[in-house]
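Peer 1: Structure: start.txt, compact mmCIF, C-alpha atoms.
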# COMPACT_ATOMS: atom_id res chain seq x y z
CA MET A 1 115.51 96.73 90.35
CA LEU A 2 113.78 99.91 89.10
CA LYS A 3 110.80 100.61 87.10
CA ARG A 4 110.16 99.43 80.59
CA THR A 5 108.40 91.54 65.13
CA GLY A 6 107.95 92.79 62.54
CA ALA A 7 111.22 94.71 62.27
CA GLY A 8 109.85 97.95 63.65
CA LEU A 9 106.34 97.60 62.20
CA LEU A 10 103.37 99.00 64.09
CA GLY A 11 100.82 96.57 65.47
CA ALA A 12 101.19 92.90 66.30
CA ALA A 13 103.60 90.53 64.65
CA THR A 14 103.87 86.85 65.38
CA ALA A 15 106.37 84.21 64.31
CA LEU A 16 106.42 80.47 64.96
CA VAL A 17 109.79 78.76 65.02
CA ILE A 18 110.07 74.98 65.26
CA THR A 19 113.32 73.48 66.45
CA GLY A 20 114.37 69.97 67.24
CA GLY A 21 111.95 67.20 66.29
CA ALA A 22 109.40 68.93 64.09
CA LEU A 23 106.73 66.29 64.73
CA ALA A 24 107.21 66.04 68.49
CA ALA A 25 104.15 67.08 70.49
CA PRO A 26 104.87 69.75 73.11
CA ALA A 27 103.59 69.65 76.66
CA VAL A 28 101.10 72.38 75.76
CA ALA A 29 99.84 70.86 72.52
CA ALA A 30 96.32 72.23 72.96
CA ARG A 31 97.71 75.79 72.85
CA ASP A 32 100.59 75.19 70.48
CA ASP A 33 99.59 78.16 68.30
CA HIS A 34 100.05 80.51 71.30
CA ARG A 35 97.12 82.64 70.16
CA ALA A 36 96.15 83.38 73.77
CA THR A 37 99.68 84.57 74.55
CA GLN A 38 99.71 86.80 71.48
CA ARG A 39 96.34 88.28 72.49
CA ALA A 40 97.78 89.08 75.93
CA LEU A 41 100.68 90.91 74.29
CA ASP A 42 98.29 92.87 72.09
CA GLU A 43 96.13 93.76 75.09
CA ALA A 44 99.14 95.20 76.91
CA VAL A 45 99.86 97.45 73.94
CA ALA A 46 96.19 98.44 73.71
CA GLU A 47 96.40 99.46 77.36
CA GLY A 48 99.31 101.81 76.66
CA VAL A 49 102.59 99.89 76.55
CA PRO A 50 104.68 101.01 73.53
CA GLY A 51 105.73 97.44 72.76
CA VAL A 52 106.31 93.95 74.07
CA THR A 53 108.52 91.09 72.91
CA ALA A 54 108.17 87.48 74.08
CA ARG A 55 109.52 84.02 73.48
CA ALA A 56 108.31 80.66 74.77
CA ARG A 57 109.91 77.25 74.56
CA ALA A 58 108.28 73.94 75.44
CA ASP A 59 109.67 70.46 74.74
CA GLY A 60 112.01 71.69 72.00
CA ARG A 61 109.45 73.85 70.21
CA SER A 62 109.93 77.64 70.24
CA TRP A 63 107.50 80.47 69.59
CA GLN A 64 108.17 84.17 69.50
CA GLY A 65 105.69 87.02 69.37
CA THR A 66 105.70 90.80 69.49
CA SER A 67 103.23 93.64 69.62
CA GLY A 68 103.75 97.35 69.09
CA ARG A 69 107.20 98.74 68.36
CA ARG A 70 109.31 95.73 69.26
CA GLY A 71 111.54 93.22 67.53
CA ALA A 72 111.45 89.49 68.21
CA ARG A 73 115.20 89.40 68.91
CA ASP A 74 115.43 92.63 70.90
CA HIS A 75 118.07 92.99 73.58
CA TYR A 76 116.69 94.66 76.71
CA ARG A 77 117.65 95.59 80.24
CA VAL A 78 116.48 92.81 82.56
CA GLY A 79 116.63 94.65 85.90
CA SER A 80 116.26 92.34 88.88
CA VAL A 81 116.49 89.20 86.75
CA THR A 82 120.18 89.93 87.39
CA LYS A 83 119.64 88.68 90.94
CA THR A 84 119.19 85.06 89.83
CA PHE A 85 122.53 85.18 88.01
CA VAL A 86 124.28 86.62 91.08
CA ALA A 87 122.66 84.07 93.40
CA THR A 88 123.70 81.24 91.08
CA VAL A 89 127.34 82.34 91.23
CA VAL A 90 127.22 82.60 95.04
CA LEU A 91 125.78 79.08 95.28
CA GLN A 92 128.42 77.74 92.89
CA LEU A 93 131.09 79.26 95.13
CA GLU A 94 129.48 77.57 98.12
CA ALA A 95 129.55 74.22 96.28
CA GLU A 96 133.28 74.78 95.69
CA GLY A 97 133.87 75.47 99.39
CA ARG A 98 134.97 79.06 98.79
CA LEU A 99 132.25 80.55 100.96
CA ASP A 100 129.26 79.42 103.02
CA LEU A 101 125.69 80.67 103.08
CA ASP A 102 126.08 81.14 106.82
CA ASP A 103 129.10 83.42 106.39
CA THR A 104 128.35 86.94 107.55
CA VAL A 105 128.55 90.33 105.88
CA GLY A 106 130.84 91.40 108.68
CA HIS A 107 133.26 88.62 107.78
CA TRP A 108 133.42 89.35 104.04
CA LEU A 109 132.91 93.12 104.01
CA PRO A 110 134.08 94.46 107.37
CA GLY A 111 133.11 98.06 108.08
CA LEU A 112 130.67 98.43 105.17
CA VAL A 113 127.39 97.75 106.97
CA GLU A 114 127.56 99.69 110.23
CA GLY A 115 125.62 102.08 112.43
CA HIS A 116 121.89 102.79 112.70
CA GLY A 117 121.34 99.51 114.55
CA TYR A 118 122.84 97.17 111.94
CA GLU A 119 124.50 93.98 113.16
CA PRO A 120 126.79 92.84 110.31
CA ASP A 121 127.96 89.77 112.21
CA ARG A 122 124.37 88.49 112.28
CA ILE A 123 123.53 89.15 108.61
CA THR A 124 124.42 86.11 106.50
CA LEU A 125 124.72 85.48 102.78
CA ARG A 126 121.54 83.44 103.06
CA HIS A 127 119.77 86.51 104.43
CA LEU A 128 121.06 88.60 101.52
CA LEU A 129 120.06 86.17 98.76
CA GLY A 130 116.64 85.51 100.29
CA HIS A 131 115.78 89.14 101.19
CA THR A 132 115.49 88.36 104.90
CA SER A 133 118.37 90.60 106.02
CA GLY A 134 116.30 93.59 107.09
CA ILE A 135 118.72 95.94 105.29
CA HIS A 136 117.04 99.07 103.95
CA ASP A 137 116.59 99.27 100.15
CA TYR A 138 118.87 101.96 98.73
CA LEU A 139 116.23 102.75 96.11
CA GLU A 140 114.06 104.04 98.94
CA ASP A 141 116.70 106.37 100.32
CA PRO A 142 115.22 109.87 99.80
CA GLN A 143 118.35 111.35 98.23
CA PHE A 144 118.92 108.45 95.85
CA ALA A 145 115.24 108.30 94.88
CA GLN A 146 115.11 112.04 94.21
CA THR A 147 118.20 111.82 92.02
CA TYR A 148 117.50 108.59 90.16
CA LEU A 149 113.75 107.94 90.18
CA THR A 150 112.33 111.32 89.13
CA LYS A 151 112.86 113.73 86.22
CA ASN A 152 116.19 114.58 87.85
CA PHE A 153 117.38 111.29 86.35
CA LEU A 154 117.70 113.07 83.01
CA ASP A 155 120.48 115.23 84.46
CA HIS A 156 122.18 112.24 86.08
CA ARG A 157 121.61 109.45 83.56
CA PHE A 158 125.33 109.10 82.82
CA ASP A 159 126.52 109.36 86.43
CA THR A 160 128.62 106.52 87.81
CA PHE A 161 127.82 104.96 91.18
CA THR A 162 130.17 102.65 93.03
CA PRO A 163 128.63 99.61 94.75
CA GLU A 164 129.91 100.95 98.07
CA GLN A 165 127.94 104.15 97.44
CA LEU A 166 124.79 102.14 96.76
CA VAL A 167 125.22 100.17 99.98
CA GLY A 168 125.83 103.47 101.79
CA PHE A 169 122.53 104.88 100.56
CA GLY A 170 120.80 101.85 102.03
CA VAL A 171 122.48 101.47 105.40
CA ARG A 172 122.29 105.13 106.36
CA ASN A 173 118.63 104.30 106.94
CA GLU A 174 117.60 102.15 109.89
CA PRO A 175 117.09 98.39 109.42
CA ARG A 176 113.58 97.29 108.58
CA PHE A 177 113.76 94.35 111.01
CA ALA A 178 116.24 92.02 112.71
CA PRO A 179 118.11 89.58 110.41
CA GLY A 180 115.94 86.59 109.58
CA ALA A 181 112.78 87.99 111.24
CA ARG A 182 110.77 88.21 108.01
CA TRP A 183 110.95 88.84 104.26
CA ASP A 184 111.21 92.22 102.55
CA TYR A 185 112.72 92.94 99.15
CA SER A 186 115.85 95.11 99.17
CA ASN A 187 118.20 95.85 96.29
CA THR A 188 120.96 96.59 98.80
CA ASN A 189 121.13 92.86 99.50
CA TYR A 190 122.36 92.14 95.98
CA ALA A 191 124.81 95.03 95.86
CA LEU A 192 126.38 93.33 98.89
CA ALA A 193 126.13 89.84 97.36
CA ALA A 194 127.92 90.95 94.17
CA LEU A 195 130.63 92.62 96.26
CA ILE A 196 131.12 89.38 98.17
CA VAL A 197 131.49 87.47 94.88
CA GLU A 198 134.25 89.91 93.97
CA LYS A 199 135.92 89.58 97.37
CA ALA A 200 135.79 85.76 97.25
CA THR A 201 137.09 85.43 93.68
CA GLY A 202 139.24 88.49 93.15
CA HIS A 203 137.34 89.20 89.91
CA PRO A 204 134.50 91.53 88.90
CA TYR A 205 131.20 89.76 89.48
CA GLY A 206 130.33 90.22 85.80
CA ASP A 207 133.43 88.27 84.81
CA GLU A 208 132.35 85.43 87.09
CA ILE A 209 128.88 85.42 85.52
CA GLU A 210 130.47 85.22 82.07
CA ARG A 211 132.90 82.47 83.04
CA ARG A 212 130.41 80.36 84.93
CA ILE A 213 127.06 80.96 83.21
CA THR A 214 126.83 82.98 80.01
CA GLY A 215 129.95 81.45 78.46
CA PRO A 216 129.15 77.77 79.12
CA LEU A 217 125.49 78.23 78.13
CA LYS A 218 126.46 80.30 75.06
CA LEU A 219 124.17 83.16 76.08
CA ARG A 220 125.53 85.55 73.47
CA ALA A 221 122.90 88.25 74.00
CA THR A 222 123.55 88.46 77.75
CA SER A 223 126.00 90.91 79.29
CA VAL A 224 126.92 92.83 82.43
CA PRO A 225 127.48 96.32 80.97
CA GLY A 226 129.10 98.06 83.95
CA THR A 227 129.08 101.76 83.04
CA ASP A 228 128.35 101.33 79.31
CA PRO A 229 125.12 103.25 78.58
CA ARG A 230 124.29 101.43 75.35
CA VAL A 231 121.95 98.52 74.68
CA PRO A 232 123.28 96.30 71.87
CA ARG A 233 121.33 96.03 68.63
CA PRO A 234 118.85 94.74 67.77
CA ARG A 235 116.89 96.69 70.33
CA SER A 236 113.90 99.00 70.55
CA ARG A 237 113.61 102.38 72.26
CA ALA A 238 112.84 102.37 75.99
CA TYR A 239 110.39 104.75 77.66
CA SER A 240 109.71 105.88 81.22
CA LYS A 241 107.39 108.23 83.12
CA LEU A 242 110.21 108.78 85.65
CA GLY A 243 108.04 108.45 88.70
CA ASP A 244 105.03 110.45 87.48
CA PRO A 245 102.41 108.07 86.05
CA THR A 246 100.35 110.93 84.59
CA GLY A 247 103.30 112.98 83.39
CA GLU A 248 105.43 113.14 80.27
CA THR A 249 107.01 110.06 78.70
CA TYR A 250 110.79 110.14 78.24
CA ASP A 251 113.13 108.15 76.03
CA VAL A 252 115.52 106.42 78.45
CA THR A 253 117.15 103.98 76.07
CA GLU A 254 120.68 104.99 77.02
CA TYR A 255 122.01 105.53 80.54
CA ASN A 256 124.80 104.36 82.81
CA PRO A 257 123.40 101.31 84.66
CA SER A 258 125.94 101.36 87.50
CA GLY A 259 123.14 102.56 89.79
CA ALA A 260 121.77 99.03 89.53
CA TYR A 261 125.02 97.01 89.83
CA GLY A 262 124.44 93.44 91.10
CA SER A 263 120.80 94.14 91.86
CA GLY A 264 119.81 94.82 88.25
CA GLU A 265 122.29 96.02 85.62
CA MET A 266 122.28 93.10 83.16
CA ILE A 267 121.11 93.01 79.53
CA SER A 268 119.77 89.94 77.74
CA ASP A 269 117.07 88.76 75.34
CA SER A 270 114.16 86.38 75.69
CA ALA A 271 115.86 83.38 74.09
CA ASP A 272 118.84 83.64 76.45
CA LEU A 273 116.63 84.03 79.52
CA ASN A 274 114.65 80.93 78.58
CA ARG A 275 117.88 78.99 78.15
CA PHE A 276 119.28 80.21 81.47
CA TYR A 277 116.25 79.46 83.63
CA ALA A 278 115.60 76.09 81.99
CA ALA A 279 119.24 75.07 82.55
CA LEU A 280 119.14 76.31 86.13
CA LEU A 281 115.97 74.42 87.08
CA ARG A 282 117.20 71.26 85.32
CA GLY A 283 120.31 71.23 87.50
CA GLU A 284 122.84 72.14 84.81
CA LEU A 285 124.34 75.00 86.81
CA LEU A 286 124.11 73.88 90.45
CA PRO A 287 124.60 70.62 92.36
CA PRO A 288 121.42 69.18 93.92
CA ALA A 289 122.18 70.54 97.39
CA GLN A 290 122.59 74.11 96.19
CA LEU A 291 119.56 73.93 93.88
CA ALA A 292 117.54 72.69 96.85
CA GLU A 293 118.72 75.73 98.84
CA MET A 294 117.76 78.06 95.99
CA THR A 295 114.26 76.58 95.65
CA THR A 296 113.46 76.55 99.38
CA THR A 297 111.10 79.51 99.70
CA VAL A 298 109.63 81.77 102.35
CA PRO A 299 106.28 83.59 101.99
CA VAL A 300 106.49 87.05 100.48
CA GLY A 301 103.45 88.48 102.26
CA ALA A 302 99.71 88.28 102.70
CA GLY A 303 99.14 90.23 99.51
CA ASP A 304 100.51 87.35 97.41
CA PRO A 305 99.77 84.10 99.26
CA ASP A 306 100.61 81.89 96.28
CA SER A 307 104.13 83.26 95.93
CA GLY A 308 107.36 82.41 97.70
CA TYR A 309 110.95 83.63 97.43
CA GLY A 310 113.97 81.35 97.57
CA LEU A 311 117.56 82.46 97.00
CA GLY A 312 117.40 84.76 93.99
CA LEU A 313 114.48 82.78 92.61
CA GLN A 314 110.73 83.27 93.05
CA ARG A 315 107.88 80.78 92.92
CA TRP A 316 104.35 81.60 91.75
CA LYS A 317 101.21 79.50 91.59
CA LEU A 318 99.07 80.75 88.71
CA ALA A 319 95.27 80.90 88.82
CA CYS A 320 94.96 77.57 86.99
CA GLY A 321 97.24 75.82 89.49
CA VAL A 322 100.40 75.70 87.35
CA VAL A 323 103.52 76.54 89.35
CA VAL A 324 106.26 78.57 87.67
CA TRP A 325 109.67 79.74 88.84
CA GLY A 326 111.73 82.73 87.78
CA HIS A 327 112.23 86.42 88.43
CA GLY A 328 110.96 89.77 87.25
CA GLY A 329 112.92 92.95 86.70
CA ASP A 330 111.91 96.60 86.45
CA ILE A 331 114.40 99.31 85.52
CA HIS A 332 114.04 102.58 83.63
CA GLY A 333 112.24 101.83 80.36
CA SER A 334 112.07 98.06 80.81
CA SER A 335 109.84 95.62 82.64
CA ALA A 336 111.03 92.04 82.13
CA MET A 337 109.78 88.64 83.32
CA ALA A 338 111.34 85.20 82.94
CA LEU A 339 109.48 82.04 84.00
CA THR A 340 109.87 78.29 83.73
CA THR A 341 108.30 75.15 85.12
CA ARG A 342 110.18 73.26 87.83
CA ASP A 343 111.37 70.64 85.32
CA GLY A 344 112.65 73.34 82.97
CA ARG A 345 110.57 72.00 80.07
CA HIS A 346 108.35 75.04 79.50
CA SER A 347 109.90 78.52 79.64
CA LEU A 348 108.61 82.00 78.85
CA ALA A 349 110.43 85.34 78.84
CA PHE A 350 108.99 88.70 77.83
CA ASP A 351 109.66 92.41 78.15
CA PHE A 352 107.64 95.63 78.03
CA ASN A 353 109.68 98.65 76.89
CA ALA A 354 108.12 100.94 79.50
CA ASP A 355 107.35 101.20 83.22
CA TRP A 356 104.47 98.77 82.88
CA ALA A 357 101.86 99.11 85.63
CA GLY A 358 99.72 96.25 84.31
CA SER A 359 99.88 92.62 85.32
CA TRP A 360 102.54 90.32 83.92
CA ARG A 361 100.31 87.47 85.10
CA LYS A 362 97.95 88.02 82.15
CA VAL A 363 100.72 86.97 79.79
CA ALA A 364 101.83 84.11 82.03
CA VAL A 365 98.31 82.75 82.43
CA ALA A 366 97.74 82.97 78.68
CA GLU A 367 100.88 80.89 78.07
CA TYR A 368 100.65 78.33 80.86
CA CYS A 369 96.91 78.00 81.47
Translate this file's structure into structure tokens.
Peer 2:
Amino acid sequence: MLKRTGAGLLGAATALVITGGALAAPAVAARDDHRATQRALDEAVAEGVPGVTARARADGRSWQGTSGRRGARDHYRVGSVTKTFVATVVLQLEAEGRLDLDDTVGHWLPGLVEGHGYEPDRITLRHLLGHTSGIHDYLEDPQFAQTYLTKNFLDHRFDTFTPEQLVGFGVRNEPRFAPGARWDYSNTNYALAALIVEKATGHPYGDEIERRITGPLKLRATSVPGTDPRVPRPRSRAYSKLGDPTGETYDVTEYNPSGAYGSGEMISDSADLNRFYAALLRGELLPPAQLAEMTTTVPVGAGDPDSGYGLGLQRWKLACGVVVWGHGGDIHGSSAMALTTRDGRHSLAFDFNADWAGSWRKVAVAEYC
């Protein structure tokens, strides 16, 4: 979605937490002190990020680190990490026979995606989840962007958007390409996917996420806030340049996240994200057939040849050759990343409390390489 311990102390703070078998050697024993990861967090703060919080877990051993004005157990807005949760619910519904990935938008949401050359009876759920639909991103609609992605946001931060409005902002612009022709990221896809979850179940998509994922996994820090502008405590302040990288910095901790909906409204913390992605990749949430669908990727472009996108899940090959899976999320005042190895044994989640223009890969490489 959009472009974000030492209990509030300035500077770096690091904590090491051992769980499970205290004498068990982790898969990354040579870097068990995580000094390289902590240095990467400190470097981000030195480069201008107000603060960063991170947590890693490998073979039952957990580490958490912070730098700047962050707490180790901070809740934060996870932006597009929401997409993996939505995709997981859709794939669970497919496994139950309640929908099919080859069902069309026209079938589930008749009349919503129309005009400007759109062909709703050719756009499938698979296209939506994999960003191969060609539907225009509502964030790039000039009116929405001017309202929500500039300083005008300050006058509209508590506005409520309906998902149908978000889809409308997208589809009043021409399609980017024919369904299935190529890959291009669009938040409109996941506004539609969440609406289809609601149509198929008769329940708000957030209730389905709670019933199917956050409840069973006991992810107590994870929520779908709807229109609630608050971030639960503990949390740190969130800051944004609101579209002007050289301009003033604004506190954007509180705002109505309905403008993100199924594409990026969720809140979580690093421990919960590690638990979720590890469980997902280990097959605890999806049958083998659906997990295979989720992890079947397409290239995301020449600019990132070592990356591929599946169904709500991305694959990266790091510089050292390690392959990680997960999703990133940028929304006002928060830039989050959650990663895990394919076997779910080594997970990392971290968040910058600003519109971070630096590379998340520095932190990932420090942890995994």
Peer 1: Could you please determine the separation between atom CA of A:Tyr190 and atom CA of A:Asn274 in Å, to one decimal place?
Peer 2: 22.1 Å
Peer 1: Using only C-alpha atoms, pick whichever of A:Pro142, A:Gly215, A:Pro179, A:Gly68 has the shortest atom-to-atom distance to A:Phe276.
Peer 2: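 When distances to A:Phe276 are compared using only C-alpha atoms, the smallest one comes from A:Gly215.
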Peer 1: Do you have the atom CA of A:Asp306-atom CA of A:Gly321 distance handy?
Peer 2: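 Interatomic distance, atom CA of A:Asp306 to atom CA of A:Gly321: 9.7 Å.
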Peer 1: Using only C-alpha atoms - which residues lie no farther than 9 Å from the point (128.0, 105.7, 83.8) in the file's frame? Write them as a compact mmCIF listing (two decimals) with C-alpha atoms, keeping the file's coordinate frame.
Peer 2:
# COMPACT_ATOMS: atom_id res chain seq x y z
CA ARG A 157 121.61 109.45 83.56
CA PHE A 158 125.33 109.10 82.82
CA ASP A 159 126.52 109.36 86.43
CA THR A 160 128.62 106.52 87.81
CA PHE A 161 127.82 104.96 91.18
CA GLY A 226 129.10 98.06 83.95
CA THR A 227 129.08 101.76 83.04
CA ASP A 228 128.35 101.33 79.31
CA PRO A 229 125.12 103.25 78.58
CA TYR A 255 122.01 105.53 80.54
CA ASN A 256 124.80 104.36 82.81
CA PRO A 257 123.40 101.31 84.66
CA SER A 258 125.94 101.36 87.50
CA GLY A 259 123.14 102.56 89.79
Peer 1: Can you pull out the residues contacting A:Val300? Cut-off 10 Å, using all atoms listed in the file, and skip same-chain residues under 3 positions away; I want them as a ChimeraX atom specification.
Peer 2: /A:131,182-185,297,303-310,314-315
Peer 1: Here is a test: counting all atoms listed in the file, which residue of A:Ile135, A:Leu149, A:Leu129, A:Ala271 is nearest to A:Ala87?
Peer 2: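 Using all atoms listed in the file, the shortest distance to A:Ala87 belongs to A:Leu129.
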Peer 1: From the set A:Met266, A:Ala95, A:Val52, A:Leu192, which residue has the shortest atom-to-atom contact distance to A:Gly71, counting only C-alpha atoms?
Peer 2: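 So, comparing all the options, the nearest one is A:Val52.
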Peer 1: Find the spatial neighbours of A:Ala319, counting all atoms listed in the file, within a cut-off of 10 Å - ignore same-chain residues fewer than 4 positions away - and output them as a PyMOL selection string.
Peer 2: chain A and resi 306+323+361+364-365+368-369
Peer 1: Might you pull out every residue within 6 Å of A:Gly79, with all atoms listed in the file counted and same-chain residues fewer than 3 positions away left off, and present them as a compact mmCIF listing (two decimals) with C-alpha atoms, in the frame of the given file?
Peer 2:
# COMPACT_ATOMS: atom_id res chain seq x y z
CA MET A 1 115.51 96.73 90.35
CA GLY A 264 119.81 94.82 88.25
CA GLU A 265 122.29 96.02 85.62
CA GLY A 329 112.92 92.95 86.70
CA ASP A 330 111.91 96.60 86.45
CA ILE A 331 114.40 99.31 85.52
Peer 1: Some atoms are absent from stretch 325-334 of chain A, so rebuild all heavy atoms and return them as a PDB file, in the coordinates of the input.
Peer 2:
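Saved to part.pdb:
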ATOM      1  N   TRP A 325     108.540  79.185  88.113  1.00  0.00           N
ATOM      2  CA  TRP A 325     109.670  79.740  88.840  1.00  0.00           C
ATOM      3  C   TRP A 325     110.387  80.749  87.963  1.00  0.00           C
ATOM      4  O   TRP A 325     110.416  80.615  86.738  1.00  0.00           O
ATOM      5  CB  TRP A 325     110.665  78.638  89.211  1.00  0.00           C
ATOM      6  CG  TRP A 325     110.124  77.613  90.153  1.00  0.00           C
ATOM      7  CD1 TRP A 325     109.288  76.569  89.853  1.00  0.00           C
ATOM      8  CD2 TRP A 325     110.369  77.533  91.561  1.00  0.00           C
ATOM      9  NE1 TRP A 325     109.010  75.842  90.992  1.00  0.00           N
ATOM     10  CE2 TRP A 325     109.657  76.409  92.052  1.00  0.00           C
ATOM     11  CE3 TRP A 325     111.129  78.302  92.457  1.00  0.00           C
ATOM     12  CZ2 TRP A 325     109.687  76.035  93.388  1.00  0.00           C
ATOM     13  CZ3 TRP A 325     111.165  77.925  93.789  1.00  0.00           C
ATOM     14  CH2 TRP A 325     110.446  76.807  94.245  1.00  0.00           C
ATOM     15  N   GLY A 326     110.978  81.764  88.566  1.00  0.00           N
ATOM     16  CA  GLY A 326     111.730  82.730  87.780  1.00  0.00           C
ATOM     17  C   GLY A 326     111.967  84.012  88.544  1.00  0.00           C
ATOM     18  O   GLY A 326     112.085  84.014  89.769  1.00  0.00           O
ATOM     19  N   HIS A 327     112.013  85.118  87.808  1.00  0.00           N
ATOM     20  CA  HIS A 327     112.230  86.420  88.430  1.00  0.00           C
ATOM     21  C   HIS A 327     111.759  87.493  87.473  1.00  0.00           C
ATOM     22  O   HIS A 327     111.810  87.322  86.253  1.00  0.00           O
ATOM     23  CB  HIS A 327     113.707  86.637  88.765  1.00  0.00           C
ATOM     24  CG  HIS A 327     113.946  87.429  90.012  1.00  0.00           C
ATOM     25  ND1 HIS A 327     113.652  88.772  90.115  1.00  0.00           N
ATOM     26  CD2 HIS A 327     114.456  87.065  91.221  1.00  0.00           C
ATOM     27  CE1 HIS A 327     113.970  89.202  91.334  1.00  0.00           C
ATOM     28  NE2 HIS A 327     114.456  88.172  92.033  1.00  0.00           N
ATOM     29  N   GLY A 328     111.297  88.598  88.038  1.00  0.00           N
ATOM     30  CA  GLY A 328     110.960  89.770  87.250  1.00  0.00           C
ATOM     31  C   GLY A 328     112.002  90.847  87.457  1.00  0.00           C
ATOM     32  O   GLY A 328     112.825  90.784  88.375  1.00  0.00           O
ATOM     33  N   GLY A 329     111.975  91.853  86.577  1.00  0.00           N
ATOM     34  CA  GLY A 329     112.920  92.950  86.700  1.00  0.00           C
ATOM     35  C   GLY A 329     112.387  94.230  86.106  1.00  0.00           C
ATOM     36  O   GLY A 329     112.004  94.260  84.935  1.00  0.00           O
ATOM     37  N   ASP A 330     112.343  95.284  86.912  1.00  0.00           N
ATOM     38  CA  ASP A 330     111.910  96.600  86.450  1.00  0.00           C
ATOM     39  C   ASP A 330     113.061  97.585  86.589  1.00  0.00           C
ATOM     40  O   ASP A 330     113.652  97.716  87.659  1.00  0.00           O
ATOM     41  CB  ASP A 330     110.722  97.107  87.273  1.00  0.00           C
ATOM     42  CG  ASP A 330     109.485  96.258  87.088  1.00  0.00           C
ATOM     43  OD1 ASP A 330     109.137  95.965  85.938  1.00  0.00           O
ATOM     44  OD2 ASP A 330     108.890  95.869  88.092  1.00  0.00           O
ATOM     45  N   ILE A 331     113.376  98.274  85.517  1.00  0.00           N
ATOM     46  CA  ILE A 331     114.400  99.310  85.520  1.00  0.00           C
ATOM     47  C   ILE A 331     113.938 100.334  84.490  1.00  0.00           C
ATOM     48  O   ILE A 331     113.040 100.057  83.695  1.00  0.00           O
ATOM     49  CB  ILE A 331     115.788  98.708  85.197  1.00  0.00           C
ATOM     50  CG1 ILE A 331     116.907  99.681  85.530  1.00  0.00           C
ATOM     51  CG2 ILE A 331     115.876  98.217  83.753  1.00  0.00           C
ATOM     52  CD1 ILE A 331     118.295  99.045  85.573  1.00  0.00           C
ATOM     53  N   HIS A 332     114.515 101.518  84.508  1.00  0.00           N
ATOM     54  CA  HIS A 332     114.040 102.580  83.630  1.00  0.00           C
ATOM     55  C   HIS A 332     113.806 102.069  82.200  1.00  0.00           C
ATOM     56  O   HIS A 332     114.722 101.602  81.532  1.00  0.00           O
ATOM     57  CB  HIS A 332     115.063 103.716  83.558  1.00  0.00           C
ATOM     58  CG  HIS A 332     115.209 104.480  84.840  1.00  0.00           C
ATOM     59  ND1 HIS A 332     114.149 104.932  85.575  1.00  0.00           N
ATOM     60  CD2 HIS A 332     116.313 104.881  85.511  1.00  0.00           C
ATOM     61  CE1 HIS A 332     114.575 105.581  86.638  1.00  0.00           C
ATOM     62  NE2 HIS A 332     115.898 105.556  86.628  1.00  0.00           N
ATOM     63  N   GLY A 333     112.571 102.157  81.743  1.00  0.00           N
ATOM     64  CA  GLY A 333     112.240 101.830  80.360  1.00  0.00           C
ATOM     65  C   GLY A 333     112.141 100.362  80.053  1.00  0.00           C
ATOM     66  O   GLY A 333     112.040  99.987  78.880  1.00  0.00           O
ATOM     67  N   SER A 334     112.139  99.490  81.072  1.00  0.00           N
ATOM     68  CA  SER A 334     112.070  98.060  80.810  1.00  0.00           C
ATOM     69  C   SER A 334     111.411  97.343  81.968  1.00  0.00           C
ATOM     70  O   SER A 334     111.764  97.570  83.130  1.00  0.00           O
ATOM     71  CB  SER A 334     113.470  97.483  80.571  1.00  0.00           C
ATOM     72  OG  SER A 334     113.420  96.098  80.304  1.00  0.00           O
TER      73      SER A 334
END
